[in-house]
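Participant: Got protein_21.tsv for you, TSV, C-alpha atoms:
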```tsv
chain	number	residue	atom	x	y	z
A	1390	MET	CA	34.54	-2.44	0.34
A	1391	LYS	CA	31.03	-1.73	-0.93
A	1392	SER	CA	32.25	-0.71	-4.40
A	1393	ASN	CA	34.08	-4.05	-4.69
A	1394	LYS	CA	30.84	-5.90	-3.98
A	1395	ILE	CA	28.97	-3.80	-6.54
A	1396	ASN	CA	31.70	-4.32	-9.13
A	1397	ALA	CA	31.86	-8.05	-8.41
A	1398	SER	CA	28.09	-8.42	-8.77
A	1399	ALA	CA	28.08	-6.29	-11.94
A	1400	VAL	CA	30.90	-8.39	-13.42
A	1401	PHE	CA	29.11	-11.60	-12.43
A	1402	GLU	CA	25.88	-10.34	-14.01
A	1403	LEU	CA	27.70	-9.36	-17.23
A	1404	LEU	CA	29.39	-12.77	-17.44
A	1405	LEU	CA	26.05	-14.48	-16.84
A	1406	VAL	CA	24.36	-12.42	-19.58
A	1407	LEU	CA	27.20	-13.15	-22.02
A	1408	LEU	CA	27.11	-16.88	-21.14
A	1409	ILE	CA	23.35	-17.05	-21.68
A	1410	THR	CA	23.74	-15.15	-24.95
A	1411	ALA	CA	26.46	-17.54	-26.17
A	1412	ILE	CA	24.46	-20.64	-25.20
A	1413	ALA	CA	21.31	-19.28	-26.85
A	1414	PHE	CA	23.24	-18.36	-30.02
A	1415	VAL	CA	24.91	-21.78	-30.32
A	1416	TRP	CA	21.60	-23.55	-29.69
A	1417	GLY	CA	19.78	-21.27	-32.17
A	1418	SER	CA	22.46	-21.83	-34.83
A	1419	LEU	CA	22.27	-25.61	-34.43
A	1420	VAL	CA	18.47	-25.64	-34.60
A	1421	ALA	CA	18.47	-23.32	-37.63
A	1422	GLN	CA	21.09	-25.45	-39.40
A	1423	MET	CA	19.12	-28.65	-38.72
A	1424	GLU	CA	15.92	-27.07	-39.97
A	1425	ARG	CA	17.51	-25.56	-43.11
A	1426	GLY	CA	19.78	-28.46	-43.86
A	1427	TYR	CA	22.73	-26.18	-44.69
A	1428	ASP	CA	24.88	-23.42	-43.15
A	1429	ALA	CA	23.53	-19.91	-43.55
A	1430	VAL	CA	23.23	-16.60	-41.75
A	1431	GLY	CA	19.74	-15.99	-40.41
A	1432	GLY	CA	17.65	-14.76	-37.55
A	1433	GLU	CA	19.68	-16.67	-34.98
A	1434	TYR	CA	22.24	-13.86	-35.16
A	1435	LEU	CA	19.66	-11.56	-33.55
A	1436	LEU	CA	20.27	-13.52	-30.33
A	1437	LEU	CA	23.65	-11.75	-30.15
A	1438	LEU	CA	21.75	-8.51	-29.46
A	1439	PHE	CA	20.48	-9.89	-26.15
A	1440	PRO	CA	23.00	-7.95	-23.97
A	1441	ALA	CA	22.14	-4.73	-25.83
A	1442	VAL	CA	18.46	-5.29	-25.03
A	1443	TYR	CA	18.93	-6.73	-21.53
A	1444	TYR	CA	20.52	-3.74	-19.80
A	1445	PRO	CA	18.14	-1.02	-21.07
A	1446	GLY	CA	15.22	-3.37	-20.39
A	1447	LYS	CA	16.46	-4.01	-16.85
A	1448	LYS	CA	16.83	-0.26	-16.25
A	1449	MET	CA	13.29	0.39	-17.54
A	1450	ILE	CA	11.85	-2.29	-15.25
A	1451	LEU	CA	13.75	-1.05	-12.18
A	1452	ASP	CA	12.76	2.56	-12.91
A	1453	GLY	CA	9.13	1.46	-13.32
A	1454	ILE	CA	9.21	-0.37	-9.98
A	1455	ALA	CA	10.77	2.67	-8.28
A	1456	GLU	CA	8.08	4.93	-9.76
A	1457	LEU	CA	5.32	2.56	-8.59
A	1458	ARG	CA	6.80	2.60	-5.08
A	1459	LYS	CA	6.86	6.42	-5.10
A	1460	GLN	CA	3.25	6.54	-6.28
A	1461	ASN	CA	2.30	4.03	-3.58
A	1462	GLU	CA	3.97	6.17	-0.89
A	1463	ARG	CA	2.23	9.32	-2.20
A	1464	MET	CA	-1.13	7.52	-2.17
A	1465	LYS	CA	-0.53	6.25	1.38
A	1466	LYS	CA	0.32	9.75	2.59
A	1467	LYS	CA	-2.71	11.22	0.86
A	1468	MET	CA	-5.01	8.57	2.30
A	1469	GLU	CA	-3.50	8.86	5.78
A	1470	GLU	CA	-4.03	12.62	5.75
A	1471	LYS	CA	-7.73	12.21	5.25
A	1472	ALA	CA	-9.57	8.95	4.93
A	1473	THR	CA	-13.27	8.38	4.69
A	1474	CYS	CA	-14.76	5.12	5.75
A	1475	GLU	CA	-18.35	4.16	5.05
A	1476	LEU	CA	-19.79	1.76	7.57
A	1477	LEU	CA	-22.94	-0.25	7.19
A	1478	LEU	CA	-24.76	-0.67	10.46
A	1479	ALA	CA	-26.56	-3.97	10.83
A	1480	GLY	CA	-30.20	-3.84	11.80
A	1481	ALA	CA	-30.76	-0.22	10.71
A	1482	ASP	CA	-32.98	0.91	7.87
A	1483	GLU	CA	-31.49	2.02	4.52
A	1484	GLU	CA	-31.03	5.71	5.41
A	1485	GLN	CA	-29.62	5.07	8.87
A	1486	ALA	CA	-27.50	2.12	7.75
A	1487	ARG	CA	-24.84	4.28	6.07
A	1488	MET	CA	-22.50	6.31	8.19
A	1489	LYS	CA	-19.43	8.15	6.92
A	1490	ILE	CA	-16.46	8.64	9.18
A	1491	THR	CA	-13.64	10.97	8.19
A	1492	GLY	CA	-10.19	10.99	9.73
A	1493	THR	CA	-6.88	9.22	9.63
A	1494	PHE	CA	-6.78	5.45	9.16
A	1495	GLU	CA	-5.45	5.05	12.68
A	1496	GLY	CA	-8.25	7.19	14.09
A	1497	ILE	CA	-10.96	5.38	12.14
A	1498	PHE	CA	-9.56	1.99	13.12
A	1499	ALA	CA	-9.37	3.01	16.78
A	1500	TRP	CA	-12.94	4.34	16.66
A	1501	ALA	CA	-14.22	1.15	15.04
A	1502	LYS	CA	-12.34	-1.02	17.55
A	1503	ILE	CA	-13.64	0.95	20.54
A	1504	THR	CA	-17.18	0.85	19.15
A	1505	ASP	CA	-16.94	-2.92	18.62
A	1506	GLN	CA	-15.64	-3.46	22.17
A	1507	LEU	CA	-18.34	-1.21	23.62
A	1508	CYS	CA	-21.10	-2.99	21.70
A	1509	ARG	CA	-19.81	-6.39	22.81
A	1510	SER	CA	-19.53	-5.37	26.46
A	1511	LEU	CA	-23.01	-3.78	26.49
A	1512	ASP	CA	-24.40	-6.60	24.35
A	1513	ILE	CA	-26.08	-4.20	21.92
A	1514	SER	CA	-25.87	-3.75	18.17
A	1515	PRO	CA	-23.97	-0.86	16.59
A	1516	ALA	CA	-27.31	0.49	15.31
A	1517	ALA	CA	-28.67	0.61	18.87
A	1518	LEU	CA	-25.52	2.36	20.06
A	1519	ALA	CA	-25.82	4.89	17.22
A	1520	GLY	CA	-29.42	5.55	18.25
A	1521	MET	CA	-28.34	6.15	21.85
A	1522	MET	CA	-25.45	8.47	20.96
A	1523	PRO	CA	-27.35	11.81	20.77
A	1524	HIS	CA	-28.76	11.26	24.26
A	1525	LEU	CA	-25.39	10.15	25.64
A	1526	VAL	CA	-23.65	13.19	24.15
A	1527	ASN	CA	-26.28	15.56	25.61
A	1528	ASP	CA	-25.94	13.91	29.03
A	1529	TYR	CA	-22.15	14.24	28.80
A	1530	ARG	CA	-22.41	17.94	27.87
A	1531	ARG	CA	-24.80	18.65	30.76
A	1532	ALA	CA	-22.52	16.85	33.20
A	1533	ALA	CA	-19.46	18.75	31.88
A	1534	LEU	CA	-21.28	22.11	32.19
A	1535	ASN	CA	-22.40	21.26	35.75
A	1536	SER	CA	-18.88	20.24	36.70
A	1537	ARG	CA	-17.46	23.51	35.30
A	1538	ALA	CA	-20.10	25.52	37.15
A	1539	VAL	CA	-19.24	23.78	40.42
A	1540	ARG	CA	-15.50	24.42	39.89
A	1541	VAL	CA	-16.10	28.10	39.09
A	1542	GLU	CA	-18.31	28.53	42.20
A	1543	GLY	CA	-15.75	26.67	44.31
A	1544	LYS	CA	-12.93	28.99	43.16
A	1545	ALA	CA	-15.04	32.11	43.73
A	1546	GLY	CA	-16.01	30.96	47.24
A	1547	ALA	CA	-12.37	30.21	48.14
A	1548	GLU	CA	-11.18	33.67	47.06
A	1549	GLY	CA	-13.91	35.60	48.93
```
Now that the file is in, can you turn its structure into structure tokens?

Facilitator:
Amino acid sequence: MKSNKINASAVFELLLVLLITAIAFVWGSLVAQMERGYDAVGGEYLLLLFPAVYYPGKKMILDGIAELRKQNERMKKKMEEKATCELLLAGADEEQARMKITGTFEGIFAWAKITDQLCRSLDISPAALAGMMPHLVNDYRRAALNSRAVRVEGKAGAEG
């Protein structure tokens, strides 16, 4: 069934190309005859080469589009593997204003979205949040170490 559709569309396309070629040739011959004032063989006969130029040209264009799509997919994969995003933090000085984040697009987007939501809920600027981060990370590490120490002591006390 599919081959019939392909053949029908190919036949329709061929008939359309031949019809356009015939119309263009007749029109070109009439215009050339009116301009010359007599019958002669001239450049209008080059219009008969249209089908010979159309099909290779169509193939070149379709191959070019397919190659561009492949390149686009390769670029997407490469960029998804490792993406670097440079953010400008408002309200920070020149050196602190630039921050580079490396990761996948999804990860960077999620990080930026979470940061934006956090800044809005705390009503602080991203620069202020960035300034607070070292202290917050140290507090988190201390709390995690204390929690591990408590769990280890709890397990040792339960065994003994």

Participant: Just to confirm, what's the straight-line distance from atom CA of Leu1404 of chain A to atom CA of Phe1439 of chain A in Å (one decimal)?

Facilitator: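 Interatomic distance here is 12.8 Å.
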
Participant: Neighbours of Thr1410 of chain A within 8 Å (all atoms listed in the file; same-chain residues fewer than 3 positions away dropped), as a VMD selection string?

Facilitator: chain A and resid 1406 to 1407 1413 to 1414 1436 to 1437 1439 to 1440

Participant: Quick one: pull the distance between atom CA of Tyr1434 of chain A and atom CA of Leu1408 of chain A, Å, one decimal.

Facilitator: 15.1 Å

Participant: Residues at most 12 Å from Glu1433 of chain A, counting all atoms listed in the file, excluding those fewer than 4 positions away in the same chain, as a list in words?

Facilitator: Thr1410, Ala1411, Ile1412, Ala1413, Phe1414, Val1415, Trp1416, Gly1417, Ser1418, Leu1419, Val1420, Ala1421, Gln1422, Asp1428, Ala1429, Leu1437, Leu1438 and Phe1439 of chain A

Participant: How far is it from atom CA of Ile1409 of chain A to atom CA of Tyr1443 of chain A, in Å with one decimal?

Facilitator: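 Those two atoms sit 11.2 Å apart.
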
Participant: Taking all atoms of segment 1513-1516 of chain A that the file lists and extending 6 Å past them on each side, where is the centre of the axis-aligned box and how long are its edges? Answer in Å to one decimal, as lines of an AutoDock Vina configuration file.

Facilitator:
```
center_x = -25.6
center_y = -1.9
center_z = 18.6
size_x = 15.3
size_y = 16.7
size_z = 18.6
```

Participant: Restricting the calculation to all atoms listed in the file, which member of A:Ala1499, A:Tyr1444, A:Ala1455, A:Tyr1529 is positioned closest to Ala1399 of chain A?

Facilitator: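 Looking at the shortest contact to Ala1399 of chain A, the residue is A:Tyr1444.
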